Amino acid sequence: MSVRQFLNVLSFTYKERVRTRAFLVTTMLMFVIMIAVSAGPAMLSAFSHHAPGKIVLINEARQFSVSSASLRTQMGSGYIWQSDHVSNLPILRNELKRGQNNLAGIVVIQPQVSAAPPTVTTIVRNANTAFVGPLQTYLQSLYSLAAMRRQGMTAAQDALVMAKVPMRLVQVVPTHQNRFSPVYFLEMLLYMFVLLYGSMAMMSVAAEKSSRVQELLIANVKSVTLLYGKLVGISLVGLTQYPLILIAAYIGSHLVPGQSVAAHALFYGLTPGLLALFVVFFLLGFFLFATLYAAVGSLVSRVEDVSQASSPITMIFILSFMAAMFALDTPNSAWVTVLSFIPNFIPMVMFAREGMTTVPPLQLAIAIVILFCSVLLSGYISARVYRIGVTLYGKRPTLREVWALLRAQ
Amino acid sequence: MSLSVTHVSKRFSSVLAVDDVTFTAKPGQALALLGGNGAGKTTTIRMILGLFAPDAGRIDWNGQPLDQRRVRIGYLPEERGLYQKSRVSHQLIYFGRLQGMSQSDARKETTAWLERFGVRDALHRRVEELSKGNQQKIQLIATLMSDPQIVILDEPFSGLDPVNADLLKGILMDLIDSGKTVVFSSHQMDHVESFCEQICLLKRGRIILQGNLREIKRGYGRTSLLIKTDQDVTALLAAQSGVTVTRQANGYEIKLDAEERAQAILHTLVEERIPVVKFELSEPSLHDIFIERMGE
């Protein structure tokens, strides 16, 4: 393979893609969408922080001492608590129904006969019931304390009874659940990139064949040089977009200042190692699928036939994406471990494992070696098919015919 | 510096696409590969280009096996092969680079050839924005810009208007005069006749006629007669023996089985006092020979 010719093909392929208006538009669009997607959680959180709403407390139970002031300090989460009288309940219900006065809910505490605990009715406008759980816990503790006080317990004993039991969680096989969002995001990006650039390689081969540019090219360049020059050129297009997307995601998630860690979820827990591993799996995954795609592209005579002919390869890749989605939830299960060593699953599933848990370095290395060898094998087969395919016109050959031609070669 | 194809055969599964083909293309001459669809022309060309290896026989350049990586071959495919979305300058420089030119030479030659073809303004335009004729010119530039030693042209005139066809003819004549070896395939026989000395007629992979075109024609004798007259002489000509008459817009084209028949026809026309505008006896055209041989 002539290095000069390889670089010629590579540089033409890369420049021709990057110079197009379509590339410019899609890259800008991706950039803007990434900013919007990554800024989304922070913005939502910012908005909800400033307008959590007002909750009105109507306490009818005399023996049950709870005030709006204590609720405000105990419940947190920014709600404004106000006390009101039961006579205003109909008006308040109306206001709540119409969404007036920033009213988010009404809590009515009514006494029961004898010593039974009071009934708490919570009225909300729609599905906003986030405060109900903490409210119940708080009221329950108030009721228990009051009941114990009636039984003669002193204020000093209160603290002893109500003291929180310290909880500690130790994972024997650690997972990085806090990295779910960034790993999920990178999995989506990996899926999109391999599919997008893999099919770009296929379309490019098919278009060169149908427009007969191929005949000019293979008269001057060896087919294997042409194939690899093209694939490396296209992979570089992907690597050009990758940092731009990361920058967009970074800008987006830091667009709203002073937000909690949750708001920066898209970047939380990401390490340079994981970002580099993305590049490794993108390149190997791309070459594994793009060589197969290119072989298919070389066998069809018309660009229109490409998507149908390539659907089995696309299905295999979609399958690996689905497996990776399940693997994000159960990164330590046996089937995920097995799949992470099967060539076509490795890029997506091993990345999910490494993202969500800690994979022993040896396993990671073995998977990368398996994938690398598979890429070499598929590259070898694909280059041979490509050499035959690009000079075949007319009806698309069957697998058996391709096999016969390969053997004849 | 001749290109020799010697006893070359190529089989695709059950089809024998090229069957024992032998010819030599000499420098300073154009050789025409002729034949109908499926005759084996393109397969022969592809073997010369090194896209297929022959099953049997050999292809030599200057007495040595042809090494496509060492000998510059300019190839113009039958169907236009250009990147439609790419700018002319980008892809011509790319093709030039692939043919071994330096970046600056490729750039220089691109501009010079575009000027020569009168399409300087196409330099920064996308191919899809150009007319068919201009696209064909760009394709030709891609073929010729690296100063190839062997030029293989598959239907170079398709899509060109008469003015551009003449321009191309001039360029091809220059190529032949400058000592290039030109192999030429076309269905347009008048073009082939105007600058090909050697022909090679293929049918179902085999050569059925080859040699110097002038000698081949001479071998047929003067059996093609053209008569132009304002009068209707159909019946009179039909009464002659050994002739096949075809009525044309303003005359008659007559195929004779022997050159001597022409004298009998001329005698009859004079006897009948028919005013004749043109009476031309000539060798058959390549078109006639092609039709006759392919029909056999």
# chains A, B, ... in the order shown; residues from 1 in each chain; ligands from 1

$ select_by_dssp --residues "segment 136-261 of chain B" --states "helix (DSSP H, G or I)" --output "ChimeraX atom specification"
/B:136-144,162-177,189-195,213-220,234-238,261

$ select_by_dssp --residues "segment 177-211 of chain B" --states "strand (DSSP E or B)" --output "list in words"
Thr181, Val182, Val183, Phe184, Ser185, Gln198, Ile199, Cys200, Leu201, Leu202, Lys203, Arg206, Ile207, Ile208, Leu209, Gln210 and Gly211 of chain B

$ interface_residues --of "chain B" --to "chain A" --cutoff "6 Å" --atoms "only C-alpha atoms" --output "ChimeraX atom specification"
/B:49,81-82

$ write_last_selection --atoms "N, CA, C and O atoms" --output "CSV table (one decimal), in the first residue's frame"
chain,number,residue,atom,x,y,z
B,49,LEU,N,-6.0,-2.0,-17.8
B,49,LEU,CA,-5.8,-1.1,-16.6
B,49,LEU,C,-5.4,-1.9,-15.4
B,49,LEU,O,-5.1,-1.3,-14.4
B,81,GLY,N,-17.4,9.6,-14.7
B,81,GLY,CA,-17.1,9.3,-13.3
B,81,GLY,C,-16.5,10.5,-12.6
B,81,GLY,O,-15.3,10.7,-12.6
B,82,LEU,N,-17.4,11.3,-12.1
B,82,LEU,CA,-16.9,12.5,-11.4
B,82,LEU,C,-17.7,12.6,-10.1
B,82,LEU,O,-18.8,12.1,-10.0

$ residues_around --residues "Gly50 of chain B" --least-positions-apart "3" --cutoff "10 Å" --atoms "only C-alpha atoms" --output "list in words"
Ile218, Ala219, Asn220 and Lys222 of chain A; Thr44, Ile45, Arg46, Met47, Ala53, Pro54, Ile59, Leu66, Asp67, Gln68 and Arg69 of chain B
